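Novice: See target18.tsv below, with TSV, C-alpha atoms.
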chain	number	residue	atom	x	y	z
F	266	MET	CA	0.00	0.00	0.00
F	267	GLU	CA	1.32	3.40	-0.98
F	268	LYS	CA	2.16	5.56	2.00
F	269	LYS	CA	0.36	8.84	2.55
F	270	THR	CA	1.93	12.15	3.53
F	271	ILE	CA	1.14	13.82	6.84
F	272	ALA	CA	2.24	17.43	7.35
F	273	VAL	CA	3.20	18.04	10.97
F	274	PHE	CA	3.40	21.68	12.01
F	275	PHE	CA	5.31	22.76	15.12
F	276	GLY	CA	7.01	25.71	16.79
F	277	GLY	CA	5.01	28.87	16.20
F	278	GLU	CA	5.09	32.47	17.33
F	279	SER	CA	3.35	31.93	20.65
F	280	SER	CA	4.81	31.87	24.15
F	281	GLU	CA	4.43	28.08	23.99
F	282	HIS	CA	6.93	27.67	21.15
F	283	GLU	CA	9.29	25.49	23.18
F	284	VAL	CA	6.46	23.29	24.43
F	285	SER	CA	5.37	22.66	20.84
F	286	CYS	CA	8.91	21.62	19.92
F	287	LYS	CA	8.75	19.02	22.70
F	288	SER	CA	5.21	17.91	21.87
F	289	VAL	CA	5.97	17.34	18.19
F	290	GLN	CA	8.71	14.85	19.00
F	291	ASN	CA	6.29	12.73	21.00
F	292	VAL	CA	3.68	12.92	18.25
F	293	ALA	CA	6.06	12.18	15.38
F	294	LYS	CA	7.59	9.15	17.08
F	295	ASN	CA	4.12	7.66	17.40
F	296	ILE	CA	2.90	8.20	13.83
F	297	ASP	CA	2.72	4.87	12.04
F	298	GLY	CA	5.72	4.88	9.69
F	299	ASP	CA	4.25	2.05	7.63
F	300	LEU	CA	1.31	4.28	6.69
F	301	TYR	CA	2.78	7.79	6.58
F	302	ASP	CA	5.72	9.81	5.41
F	303	ILE	CA	6.09	12.82	7.72
F	304	LEU	CA	6.61	16.27	6.27
F	305	PHE	CA	7.82	18.52	9.09
F	306	VAL	CA	6.95	22.21	8.82
F	307	GLY	CA	8.62	24.30	11.50
F	308	ILE	CA	7.47	27.82	12.32
F	309	THR	CA	10.11	30.01	13.95
F	310	LYS	CA	9.39	32.48	16.73
F	311	GLU	CA	9.57	35.21	14.10
F	312	GLY	CA	6.94	33.48	11.96
F	313	ARG	CA	9.17	32.03	9.23
F	314	TRP	CA	7.95	28.68	7.86
F	315	VAL	CA	10.67	26.15	7.01
F	316	TYR	CA	10.93	22.58	5.81
F	317	VAL	CA	12.64	20.28	8.31
F	318	ASP	CA	13.74	16.98	6.82
F	319	SER	CA	14.52	15.07	10.03
F	320	ILE	CA	13.30	14.87	13.61
F	321	ASP	CA	16.99	14.92	14.59
F	322	TYR	CA	17.09	18.66	13.84
F	323	ILE	CA	14.12	19.22	16.12
F	324	GLU	CA	15.75	17.25	18.89
F	325	ASP	CA	19.03	19.16	18.69
F	326	GLY	CA	17.32	22.54	18.18
F	327	THR	CA	18.92	23.37	14.82
F	328	TRP	CA	15.77	23.02	12.71
F	329	ALA	CA	15.26	26.78	12.42
F	330	ASP	CA	18.51	26.98	10.39
F	331	SER	CA	16.78	25.31	7.43
F	332	ASP	CA	17.11	27.34	4.23
F	333	ILE	CA	14.14	25.68	2.51
F	334	SER	CA	10.91	27.61	2.98
F	335	ALA	CA	7.61	25.75	3.38
F	336	GLU	CA	4.29	27.41	2.59
F	337	LEU	CA	0.82	25.99	2.96
F	338	SER	CA	-0.98	26.63	-0.32
F	339	PRO	CA	-4.58	27.88	0.05
F	340	ASP	CA	-5.34	26.39	-3.38
F	341	ALA	CA	-7.94	23.68	-2.71
F	342	GLU	CA	-7.08	21.85	-5.93
F	343	LYS	CA	-3.42	21.47	-5.02
F	344	GLN	CA	-3.73	20.51	-1.32
F	345	CYS	CA	-0.02	20.96	-0.90
F	346	ILE	CA	2.96	22.42	0.90
F	347	ILE	CA	5.15	24.52	-1.41
F	348	LEU	CA	8.85	24.01	-0.80
F	349	THR	CA	11.23	26.66	-2.14
F	350	SER	CA	14.99	26.03	-2.14
F	351	PRO	CA	17.68	28.74	-2.04
F	352	ASP	CA	18.38	28.21	-5.75
F	353	GLY	CA	14.76	29.14	-6.51
F	354	SER	CA	13.56	25.65	-7.36
F	355	VAL	CA	10.02	24.91	-6.22
F	356	GLU	CA	8.34	21.64	-5.30
F	357	ASP	CA	4.66	21.12	-4.52
F	358	VAL	CA	4.25	18.27	-2.02
F	359	PHE	CA	0.73	16.85	-1.87
F	360	VAL	CA	-0.56	16.48	1.70
F	361	ASP	CA	-3.14	13.89	2.68
F	362	VAL	CA	-3.64	15.04	6.27
F	363	ALA	CA	-2.17	17.59	8.68
F	364	PHE	CA	-1.36	17.52	12.39
F	365	PRO	CA	-0.88	21.07	13.74
F	366	VAL	CA	1.09	20.39	16.92
F	367	LEU	CA	0.90	24.06	17.80
F	368	HIS	CA	-0.09	25.54	21.14
F	369	GLY	CA	-1.39	29.02	21.87
F	370	LYS	CA	-1.51	32.00	19.51
F	371	TYR	CA	-1.58	31.26	15.76
F	372	GLY	CA	-1.82	27.54	16.44
F	373	GLU	CA	-4.66	26.82	18.82
F	374	ASP	CA	-6.82	29.84	18.04
F	375	GLY	CA	-8.40	28.95	14.69
F	376	THR	CA	-5.86	30.69	12.45
F	377	ILE	CA	-3.97	27.72	11.05
F	378	GLN	CA	-7.21	25.75	11.13
F	379	GLY	CA	-8.65	28.36	8.76
F	380	LEU	CA	-5.70	27.94	6.39
F	381	LEU	CA	-6.18	24.18	6.38
F	382	GLU	CA	-9.90	24.62	5.67
F	383	LEU	CA	-9.06	26.80	2.67
F	384	SER	CA	-6.58	24.18	1.51
F	385	HIS	CA	-9.16	21.37	1.87
F	386	ILE	CA	-6.61	19.35	3.83
F	387	PRO	CA	-8.03	17.15	6.63
F	388	TYR	CA	-6.46	18.05	9.97
F	389	VAL	CA	-6.27	16.83	13.52
F	390	GLY	CA	-8.11	18.75	16.21
F	391	CYS	CA	-10.88	21.27	16.69
F	392	GLY	CA	-12.18	23.43	13.87
F	393	VAL	CA	-11.97	27.19	13.42
F	394	LEU	CA	-14.82	28.25	15.70
F	395	ALA	CA	-14.15	25.79	18.51
F	396	SER	CA	-10.46	26.65	18.48
F	397	ALA	CA	-11.12	30.39	18.53
F	398	VAL	CA	-13.70	30.46	21.31
F	399	SER	CA	-11.79	27.97	23.45
F	400	MET	CA	-8.60	29.99	23.11
F	401	ASP	CA	-10.49	33.05	24.36
F	402	LYS	CA	-11.10	32.30	28.04
F	403	PHE	CA	-13.69	35.06	28.36
F	404	PHE	CA	-15.87	33.75	25.51
F	405	THR	CA	-15.43	30.20	26.79
F	406	LYS	CA	-16.89	31.28	30.12
F	407	ILE	CA	-19.90	32.87	28.43
F	408	ILE	CA	-20.58	29.60	26.60
F	409	VAL	CA	-20.08	27.49	29.73
F	410	ASP	CA	-22.47	29.77	31.62
F	411	SER	CA	-25.12	28.91	29.03
F	412	ILE	CA	-24.99	25.19	29.85
F	413	GLY	CA	-25.08	25.67	33.61
F	414	VAL	CA	-21.65	24.30	34.55
F	415	ARG	CA	-20.28	25.95	37.70
F	416	GLN	CA	-17.27	28.22	37.29
F	417	ALA	CA	-15.50	31.05	39.09
F	418	LYS	CA	-16.91	34.59	39.06
F	419	PHE	CA	-15.28	36.58	36.29
F	420	VAL	CA	-14.93	40.02	34.70
F	421	GLY	CA	-13.59	40.64	31.20
F	422	LEU	CA	-11.63	43.78	30.26
F	423	HIS	CA	-9.88	45.17	27.17
F	424	ASP	CA	-6.47	46.79	27.50
F	425	TYR	CA	-7.69	50.08	25.98
F	426	GLU	CA	-10.13	50.39	28.87
F	427	PHE	CA	-7.34	50.90	31.43
F	428	LEU	CA	-3.94	51.43	29.80
F	429	PHE	CA	-4.27	55.01	28.63
F	430	SER	CA	-6.04	56.80	31.46
F	431	GLU	CA	-5.54	56.59	35.19
F	432	GLU	CA	-9.19	57.52	35.71
F	433	ASP	CA	-10.35	54.70	33.42
F	434	ARG	CA	-8.02	52.26	35.16
F	435	GLU	CA	-9.58	53.15	38.49
F	436	LYS	CA	-13.05	52.49	37.05
F	437	CYS	CA	-11.94	49.11	35.71
F	438	MET	CA	-10.55	48.12	39.08
F	439	ASP	CA	-13.79	49.27	40.70
F	440	ARG	CA	-15.67	46.90	38.36
F	441	VAL	CA	-13.46	44.00	39.30
F	442	GLU	CA	-13.68	44.68	43.04
F	443	ALA	CA	-17.47	45.01	42.86
F	444	SER	CA	-17.78	41.51	41.36
F	445	ILE	CA	-14.90	39.48	42.73
F	446	PRO	CA	-13.45	39.30	46.26
F	447	TYR	CA	-9.70	39.29	46.75
F	448	PRO	CA	-7.51	37.47	45.94
F	449	VAL	CA	-8.18	37.84	42.20
F	450	PHE	CA	-6.52	35.92	39.41
F	451	VAL	CA	-5.68	38.07	36.38
F	452	LYS	CA	-5.07	36.29	33.07
F	453	PRO	CA	-4.51	37.23	29.44
F	454	SER	CA	-7.72	35.97	27.84
F	455	CYS	CA	-6.08	34.41	24.79
F	456	ALA	CA	-2.72	33.17	26.05
F	457	GLY	CA	-1.94	29.54	26.75
F	458	SER	CA	-0.02	27.64	29.42
F	459	SER	CA	-0.73	30.20	32.14
F	460	CYS	CA	1.61	32.80	30.63
F	461	GLY	CA	1.14	36.27	32.11
F	462	VAL	CA	-1.05	35.05	34.98
F	463	SER	CA	-0.89	36.89	38.32
F	464	LYS	CA	-2.61	36.63	41.67
F	465	ALA	CA	-3.62	39.97	43.18
F	466	ALA	CA	-4.33	40.30	46.89
F	467	ASN	CA	-5.19	44.02	46.86
F	468	ARG	CA	-5.85	46.96	44.57
F	469	GLU	CA	-2.19	47.84	44.11
F	470	GLU	CA	-1.37	44.28	43.02
F	471	LEU	CA	-4.46	44.22	40.81
F	472	GLU	CA	-3.21	47.27	38.91
F	473	LYS	CA	0.20	45.67	38.37
F	474	ALA	CA	-1.43	42.40	37.31
F	475	LEU	CA	-3.66	44.12	34.73
F	476	ILE	CA	-0.68	45.90	33.17
F	477	ALA	CA	1.36	42.67	33.12
F	478	ALA	CA	-1.47	40.70	31.49
F	479	ALA	CA	-1.92	43.44	28.88
F	480	GLU	CA	1.66	42.84	27.75
F	481	VAL	CA	0.55	39.37	26.63
F	482	ASP	CA	-2.95	40.01	25.27
F	483	SER	CA	-5.34	42.86	24.57
F	484	LYS	CA	-8.20	41.14	26.40
F	485	ILE	CA	-7.90	40.41	30.10
F	486	LEU	CA	-9.86	38.00	32.30
F	487	CYS	CA	-10.18	38.60	36.02
F	488	GLU	CA	-11.36	35.60	38.02
F	489	GLU	CA	-12.35	34.65	41.51
F	490	PHE	CA	-9.66	32.63	43.30
F	491	ILE	CA	-10.76	29.05	43.81
F	492	LYS	CA	-9.00	27.08	46.51
F	493	GLY	CA	-9.08	23.43	45.63
F	494	ARG	CA	-7.49	20.46	43.93
F	495	GLU	CA	-6.51	21.01	40.29
F	496	VAL	CA	-7.72	18.21	38.03
F	497	GLU	CA	-7.89	17.55	34.31
F	498	CYS	CA	-9.91	15.35	31.98
F	499	ALA	CA	-9.08	14.38	28.39
F	500	VAL	CA	-11.74	14.25	25.68
F	501	ILE	CA	-11.53	12.55	22.29
F	502	GLY	CA	-13.97	12.23	19.39
F	503	GLY	CA	-16.86	14.50	18.54
F	504	GLY	CA	-19.43	14.91	15.82
F	505	ARG	CA	-21.47	11.87	14.81
F	506	HIS	CA	-18.97	9.58	16.54
F	507	GLY	CA	-19.66	11.14	19.91
F	508	ALA	CA	-17.14	12.39	22.46
F	509	GLU	CA	-15.51	10.21	25.10
F	510	ALA	CA	-13.89	11.30	28.34
F	511	SER	CA	-10.84	9.73	29.92
F	512	GLY	CA	-10.37	9.29	33.63
F	513	VAL	CA	-9.54	12.25	35.86
F	514	GLY	CA	-5.96	13.28	36.60
F	515	GLU	CA	-4.70	15.56	39.34
F	516	ILE	CA	-2.02	18.23	39.19
F	517	LEU	CA	0.25	18.46	42.22
F	518	ALA	CA	1.87	21.81	41.48
F	519	ALA	CA	5.21	22.76	43.01
F	520	ALA	CA	4.26	26.45	43.00
F	521	GLU	CA	1.40	28.45	44.52
F	522	PHE	CA	-0.46	28.06	41.24
F	523	TYR	CA	0.19	26.01	38.15
F	524	ASP	CA	1.90	28.63	35.98
F	525	TYR	CA	4.11	28.04	32.92
F	526	ASP	CA	7.25	27.50	34.99
F	527	ALA	CA	5.53	25.06	37.35
F	528	LYS	CA	4.20	23.10	34.37
F	529	TYR	CA	7.36	22.71	32.33
F	530	ASN	CA	10.42	23.70	34.34
F	531	ASN	CA	9.83	22.60	37.94
F	532	PRO	CA	10.61	18.91	38.46
F	533	ASP	CA	8.64	18.92	41.72
F	534	SER	CA	5.35	19.40	39.85
F	535	VAL	CA	3.82	15.96	39.33
F	536	THR	CA	0.70	14.45	37.82
F	537	ASP	CA	-1.44	11.61	39.15
F	538	THR	CA	-3.65	9.75	36.69
F	539	ASP	CA	-5.46	7.83	39.44
F	540	PRO	CA	-6.03	10.29	42.28
F	541	ASP	CA	-8.06	9.49	45.38
F	542	ILE	CA	-11.28	11.26	44.38
F	543	PRO	CA	-14.80	9.94	45.06
F	544	SER	CA	-16.21	8.13	42.04
F	545	GLU	CA	-19.29	10.35	41.85
F	546	ILE	CA	-17.11	13.46	41.60
F	547	LYS	CA	-15.00	11.85	38.89
F	548	GLU	CA	-18.16	11.07	36.92
F	549	GLU	CA	-19.39	14.65	37.35
F	550	ILE	CA	-16.08	15.92	35.96
F	551	ARG	CA	-16.13	13.48	33.02
F	552	LYS	CA	-19.70	14.48	32.11
F	553	ALA	CA	-18.94	18.20	32.44
F	554	ALA	CA	-15.82	17.80	30.27
F	555	VAL	CA	-17.85	16.24	27.44
F	556	ASP	CA	-20.67	18.80	27.84
F	557	ILE	CA	-18.20	21.70	27.59
F	558	PHE	CA	-16.39	20.11	24.64
F	559	ASN	CA	-19.70	19.73	22.80
F	560	ALA	CA	-20.87	23.23	23.77
F	561	VAL	CA	-17.87	24.90	22.12
F	562	GLY	CA	-18.22	22.66	19.08
F	563	GLY	CA	-15.14	20.60	19.89
F	564	TYR	CA	-13.81	17.90	17.61
F	565	GLY	CA	-10.86	15.57	17.76
F	566	LEU	CA	-9.32	16.33	21.13
F	567	SER	CA	-9.31	18.67	24.09
F	568	ARG	CA	-8.24	18.71	27.71
F	569	VAL	CA	-10.70	20.24	30.15
F	570	ASP	CA	-9.47	21.54	33.50
F	571	PHE	CA	-11.37	21.85	36.78
F	572	PHE	CA	-10.99	22.59	40.48
F	573	ILE	CA	-12.48	20.48	43.26
F	574	LYS	CA	-13.23	22.55	46.36
F	575	GLU	CA	-12.93	21.12	49.87
F	576	ASP	CA	-16.69	20.58	50.00
F	577	GLY	CA	-16.58	18.53	46.79
F	578	THR	CA	-17.93	21.25	44.49
F	579	VAL	CA	-16.58	20.97	40.96
F	580	ILE	CA	-15.60	24.26	39.28
F	581	PHE	CA	-14.69	24.54	35.59
F	582	ASN	CA	-11.36	26.26	34.88
F	583	GLU	CA	-10.52	26.14	31.15
F	584	ILE	CA	-10.42	24.04	27.98
F	585	ASN	CA	-7.37	23.46	25.76
F	586	THR	CA	-8.01	22.32	22.20
F	587	MET	CA	-4.42	21.25	21.43
F	588	PRO	CA	-3.10	20.05	24.78
F	589	GLY	CA	0.56	19.29	25.27
F	590	PHE	CA	2.06	16.01	24.09
F	591	THR	CA	5.32	16.31	26.01
F	592	PRO	CA	6.55	13.38	28.13
F	593	ILE	CA	5.00	15.03	31.21
F	594	SER	CA	1.74	16.16	29.58
F	595	MET	CA	-1.50	14.96	31.11
F	596	TYR	CA	-3.49	14.36	27.90
F	597	PRO	CA	-1.56	11.31	26.59
F	598	MET	CA	-0.97	10.08	30.15
F	599	LEU	CA	-4.70	9.97	30.87
F	600	TRP	CA	-5.40	7.90	27.76
F	601	ALA	CA	-2.46	5.61	28.52
F	602	ALA	CA	-4.04	5.00	31.92
F	603	LYS	CA	-7.19	3.91	30.07
F	604	GLY	CA	-5.22	1.44	27.94
F	605	MET	CA	-4.66	3.60	24.84
F	606	ASP	CA	-0.92	4.06	24.30
F	607	LYS	CA	0.54	7.02	22.41
F	608	LYS	CA	0.72	5.19	19.08
F	609	ALA	CA	-2.94	4.16	19.27
F	610	LEU	CA	-3.92	7.64	20.44
F	611	VAL	CA	-2.13	9.41	17.59
F	612	SER	CA	-3.62	6.95	15.07
F	613	LYS	CA	-7.12	7.60	16.40
F	614	LEU	CA	-6.67	11.37	16.19
F	615	ILE	CA	-5.50	11.11	12.57
F	616	GLU	CA	-8.43	8.82	11.79
F	617	LEU	CA	-10.82	11.41	13.23
F	618	ALA	CA	-9.27	14.05	10.95
F	619	TYR	CA	-10.38	12.04	7.91
F	620	TYR	CA	-13.90	11.58	9.30
F	621	ARG	CA	-14.36	15.34	9.53
Show the structure stored in the file as structure tokens.

Specialist:
Amino acid sequence: MEKKTIAVFFGGESSEHEVSCKSVQNVAKNIDGDLYDILFVGITKEGRWVYVDSIDYIEDGTWADSDISAELSPDAEKQCIILTSPDGSVEDVFVDVAFPVLHGKYGEDGTIQGLLELSHIPYVGCGVLASAVSMDKFFTKIIVDSIGVRQAKFVGLHDYEFLFSEEDREKCMDRVEASIPYPVFVKPSCAGSSCGVSKAANREELEKALIAAAEVDSKILCEEFIKGREVECAVIGGGRHGAEASGVGEILAAAEFYDYDAKYNNPDSVTDTDPDIPSEIKEEIRKAAVDIFNAVGGYGLSRVDFFIKEDGTVIFNEINTMPGFTPISMYPMLWAAKGMDKKALVSKLIELAYYR
């Protein structure tokens, strides 16, 4: 049987560039080599797209030195990646399916999904709308409110509302304080992996947190602090095939909250795929994860995060439509705990791309 070509995108301009470079190695090593030739397309931090002809260059970090550009053609009849060499020679490589192993901005927000839709290339993961609304934490919360899942109190702000006038900034902080008791979590609405997140215990810290978050995104989400256990649930499927939830995993963060550094750089942060949680609470989380996934129009995969308060109340935190695939990432670990190893998981996700 003739092998097909899968285009695997990685890197990207987001703050999660390095995470993507780790995730793609795990994904690529588990793509069935008997069925697929892998075409690696790396996106540098500056937004340059390059052809990478071996995973070795990703592993040693030299892939960005490639002098062969790689462009995704929007021409639906070609369905190809256009490779251009330094000597000006051009090659159109037909692509059967794509796996955008990209996290955060320009990868998980509907942008590359839109390009793939224009190209008529099947791709792994959520579509344009689901990716966009899930990336935007504020809009996600509005959707989750509509299905009655409990979540923290929240206030959404735009940077222009408080950056350019001290008087306006005071009014914004008044709005936050009127709705949410301290401490308040302040997050960029469209950033991933907890980048730019701060915890404010008073008005002075709130002001600093708003300014810091605005350096990452133009829309800011202020949330009620929820004290509780941090847990995650993986979802796979969608559409006419239905969505399925994994078991529930727990994050044991080494920092006060599970920020980017605690996730990826602190060896004391650990994950537990079989935590001691009452079965009825686990089932509530699994059901809520699928309900939220369906409400945003999810397809393919997502990881849905929650808190469990001391009294057993389950509180929705956020949804990630292209969760990490690093060796310490919860999404593949949760499915492995259910008996689906990485190779089977990657194969199923690619299969779902064709069904779309």

Novice: If we count all atoms listed in the file, what is near range 488-497 of chain F at a cut-off of 6 Å, once residues fewer than 2 positions away on the same chain are taken out, given as a ChimeraX atom specification?

Specialist: /F:417-419,445,448-450,513-516,569-574

Novice: Would you please work out which residue, of F:Gly372, F:Gly392, F:Gly604, F:Gly307, is nearest to Leu566 in chain F when using only C-alpha atoms?

Specialist: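 Between F:Gly372, F:Gly392, F:Gly604, F:Gly307, the residue approaching Leu566 in chain F most closely is F:Gly392.
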
Novice: Mind pulling up the distance from CA of Asn585 in chain F to CA of Cys437 in chain F?

Specialist: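 Value for the CA of Cys437 in chain F-CA of Asn585 in chain F distance: 27.9 Å.
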
Novice: Which value, in Å to one decimal, gives the distance between CA of Pro453 in chain F and CA of Ile407 in chain F?

Specialist: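 If I compute the distance from CA of Pro453 in chain F to CA of Ile407 in chain F, I get 16.0 Å.
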
Novice: Near Ile323 in chain F, counting all atoms listed in the file, which residues have an atom at most 9 Å away, once you skip same-chain residues fewer than 3 positions from it, shown as a ChimeraX atom specification?

Specialist: /F:286-287,289-290,307,317,319-320,326-329

Novice: Which of these, F:Ser567, F:Ser384, F:Ser463, F:Ser454, has the shortest distance to Glu509 in chain F once you count all atoms listed in the file?

Specialist: F:Ser567

Novice: Please provide the set of residues having any atom within 10 Å of range 426-428 of chain F, restricted to all atoms listed in the file, with same-chain residues fewer than 3 positions apart removed, written as a list in words.

Specialist: Leu422, His423, Glu431, Glu432, Asp433, Arg434, Glu435, Lys436, Cys437, Met438, Glu472, Leu475, Ile476, Ala479, Ser483 and Lys484 of chain F

Novice: Could the residues in this selection be saved with C-alpha atoms as a PDB file, keeping the file's coordinate frame?

Specialist:
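Saved result, result_37.pdb, follows:
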ATOM      1  CA  LEU F 422     -11.630  43.780  30.260  1.00  0.00           C
ATOM      2  CA  HIS F 423      -9.880  45.170  27.170  1.00  0.00           C
ATOM      3  CA  GLU F 431      -5.540  56.590  35.190  1.00  0.00           C
ATOM      4  CA  GLU F 432      -9.190  57.520  35.710  1.00  0.00           C
ATOM      5  CA  ASP F 433     -10.350  54.700  33.420  1.00  0.00           C
ATOM      6  CA  ARG F 434      -8.020  52.260  35.160  1.00  0.00           C
ATOM      7  CA  GLU F 435      -9.580  53.150  38.490  1.00  0.00           C
ATOM      8  CA  LYS F 436     -13.050  52.490  37.050  1.00  0.00           C
ATOM      9  CA  CYS F 437     -11.940  49.110  35.710  1.00  0.00           C
ATOM     10  CA  MET F 438     -10.550  48.120  39.080  1.00  0.00           C
ATOM     11  CA  GLU F 472      -3.210  47.270  38.910  1.00  0.00           C
ATOM     12  CA  LEU F 475      -3.660  44.120  34.730  1.00  0.00           C
ATOM     13  CA  ILE F 476      -0.680  45.900  33.170  1.00  0.00           C
ATOM     14  CA  ALA F 479      -1.920  43.440  28.880  1.00  0.00           C
ATOM     15  CA  SER F 483      -5.340  42.860  24.570  1.00  0.00           C
ATOM     16  CA  LYS F 484      -8.200  41.140  26.400  1.00  0.00           C
TER      17      LYS F 484
END

Novice: What is the CA of Ile593 in chain F to CA of Ala293 in chain F distance in Å?

Specialist: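 A separation of 16.1 Å between them.
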
Novice: Measuring between only C-alpha atoms, which one of F:Val273, F:Gly421, F:Glu278, F:Ala499 shows the shortest distance to Asn291 in chain F?

Specialist: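 Residue with the minimum atom-to-atom distance to Asn291 in chain F: F:Val273.
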
Novice: Within 8 Å of (-4.2, 11.0, 7.2), all atoms listed in the file: residues as a VMD selection string?

Specialist: chain F and resid 269 to 271 301 361 to 363 387 to 388 615 to 616 618 to 619

Novice: From the options F:Ser279, F:Ser411, F:Asn559, F:Ser288, which residue's atoms come nearest to Tyr596 in chain F, counting only C-alpha atoms?

Specialist: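 Going through F:Ser279, F:Ser411, F:Asn559, F:Ser288 one by one, the smallest distance to Tyr596 in chain F is for F:Ser288.
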
Novice: With a distance cut-off of 8 Å and only C-alpha atoms, select the neighbouring residues of Gln416 in chain F, excluding the residue or stretch itself and same-chain residues fewer than 4 positions from it, and output the selection as a VMD selection string.

Specialist: chain F and resid 406 410 580 to 582

Novice: Could you work out an axis-aligned bounding box for all listed atoms of range 330-338 of chain F, with 6 Å added on each of the six sides, and give its centre and edge lengths in Å to one decimal, as AutoDock Vina command-line options?

Specialist:
--center_x 8.8 --center_y 26.5 --center_z 5.0 --size_x 31.5 --size_y 14.3 --size_z 22.7

Novice: Rank nothing, just name the residue among F:Glu469, F:Asp401, F:Asp325, F:Glu356 nearest to Lys370 in chain F, using all atoms listed in the file.

Specialist: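 The answer is F:Asp401, which sits nearest to Lys370 in chain F.
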
Novice: Pick out the closest residue to Phe590 in chain F from this set: F:Lys294, F:Arg415, F:Arg505, F:Lys552. Count all atoms listed in the file.

Specialist: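 Using all atoms listed in the file, the shortest distance to Phe590 in chain F belongs to F:Lys294.
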
Novice: Set the distance at 7 Å and use all atoms listed in the file: which residues neighbour range 295-298 of chain F once local chain neighbours fewer than 2 positions away are removed? I'd like the list as a VMD selection string.

Specialist: chain F and resid 291 to 293 300 to 302 607 to 608 611 to 612

Novice: Counting only C-alpha atoms, what are the residues of range 323-396 of chain F within 12 Å of range 500-504 of chain F, and for each of them which pair of atoms is the nearest and at what distance in Å, to one decimal? Sort the table by chain and rising number, as CSV.

Specialist:
residue,atom,partner,partner_atom,distance
F:Val389,CA,F:Gly502,CA,10.7
F:Gly390,CA,F:Gly502,CA,9.3
F:Cys391,CA,F:Gly503,CA,9.2
F:Gly392,CA,F:Gly503,CA,11.1
F:Ala395,CA,F:Gly503,CA,11.6

Novice: What would range 266-270 of chain F look like with all heavy atoms in place, written as an mmCIF file, keeping the file's coordinate frame?

Specialist:
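Result file follows (result26.cif):
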data_model
loop_
_atom_site.group_PDB
_atom_site.id
_atom_site.type_symbol
_atom_site.label_atom_id
_atom_site.label_comp_id
_atom_site.auth_asym_id
_atom_site.auth_seq_id
_atom_site.Cartn_x
_atom_site.Cartn_y
_atom_site.Cartn_z
ATOM 1 N N MET F 266 0.841 -1.196 0.000
ATOM 2 C CA MET F 266 0.000 0.000 0.000
ATOM 3 C C MET F 266 0.877 1.247 0.000
ATOM 4 O O MET F 266 1.839 1.341 0.766
ATOM 5 C CB MET F 266 -0.914 0.011 1.230
ATOM 6 C CG MET F 266 -1.905 1.163 1.271
ATOM 7 S SD MET F 266 -3.055 1.050 2.654
ATOM 8 C CE MET F 266 -1.960 1.247 4.051
ATOM 9 N N GLU F 267 0.542 2.170 -0.878
ATOM 10 C CA GLU F 267 1.320 3.400 -0.980
ATOM 11 C C GLU F 267 1.129 4.249 0.268
ATOM 12 O O GLU F 267 0.008 4.482 0.717
ATOM 13 C CB GLU F 267 0.899 4.175 -2.223
ATOM 14 C CG GLU F 267 1.755 5.407 -2.473
ATOM 15 C CD GLU F 267 1.356 6.149 -3.737
ATOM 16 O OE1 GLU F 267 0.503 5.618 -4.486
ATOM 17 O OE2 GLU F 267 1.893 7.235 -3.978
ATOM 18 N N LYS F 268 2.248 4.738 0.782
ATOM 19 C CA LYS F 268 2.160 5.560 2.000
ATOM 20 C C LYS F 268 1.598 6.940 1.676
ATOM 21 O O LYS F 268 1.805 7.476 0.598
ATOM 22 C CB LYS F 268 3.544 5.690 2.637
ATOM 23 C CG LYS F 268 4.042 4.409 3.268
ATOM 24 C CD LYS F 268 5.069 4.663 4.352
ATOM 25 C CE LYS F 268 6.397 5.071 3.798
ATOM 26 N NZ LYS F 268 7.431 5.129 4.882
ATOM 27 N N LYS F 269 0.888 7.494 2.666
ATOM 28 C CA LYS F 269 0.360 8.840 2.550
ATOM 29 C C LYS F 269 1.319 9.829 3.205
ATOM 30 O O LYS F 269 2.249 9.429 3.912
ATOM 31 C CB LYS F 269 -1.026 8.927 3.210
ATOM 32 C CG LYS F 269 -2.079 8.071 2.517
ATOM 33 C CD LYS F 269 -3.427 8.224 3.188
ATOM 34 C CE LYS F 269 -4.499 7.415 2.456
ATOM 35 N NZ LYS F 269 -5.833 7.541 3.075
ATOM 36 N N THR F 270 1.080 11.103 2.948
ATOM 37 C CA THR F 270 1.930 12.150 3.530
ATOM 38 C C THR F 270 1.155 12.923 4.590
ATOM 39 O O THR F 270 0.041 13.400 4.329
ATOM 40 C CB THR F 270 2.426 13.123 2.448
ATOM 41 O OG1 THR F 270 3.240 12.409 1.512
ATOM 42 C CG2 THR F 270 3.243 14.257 3.067
#
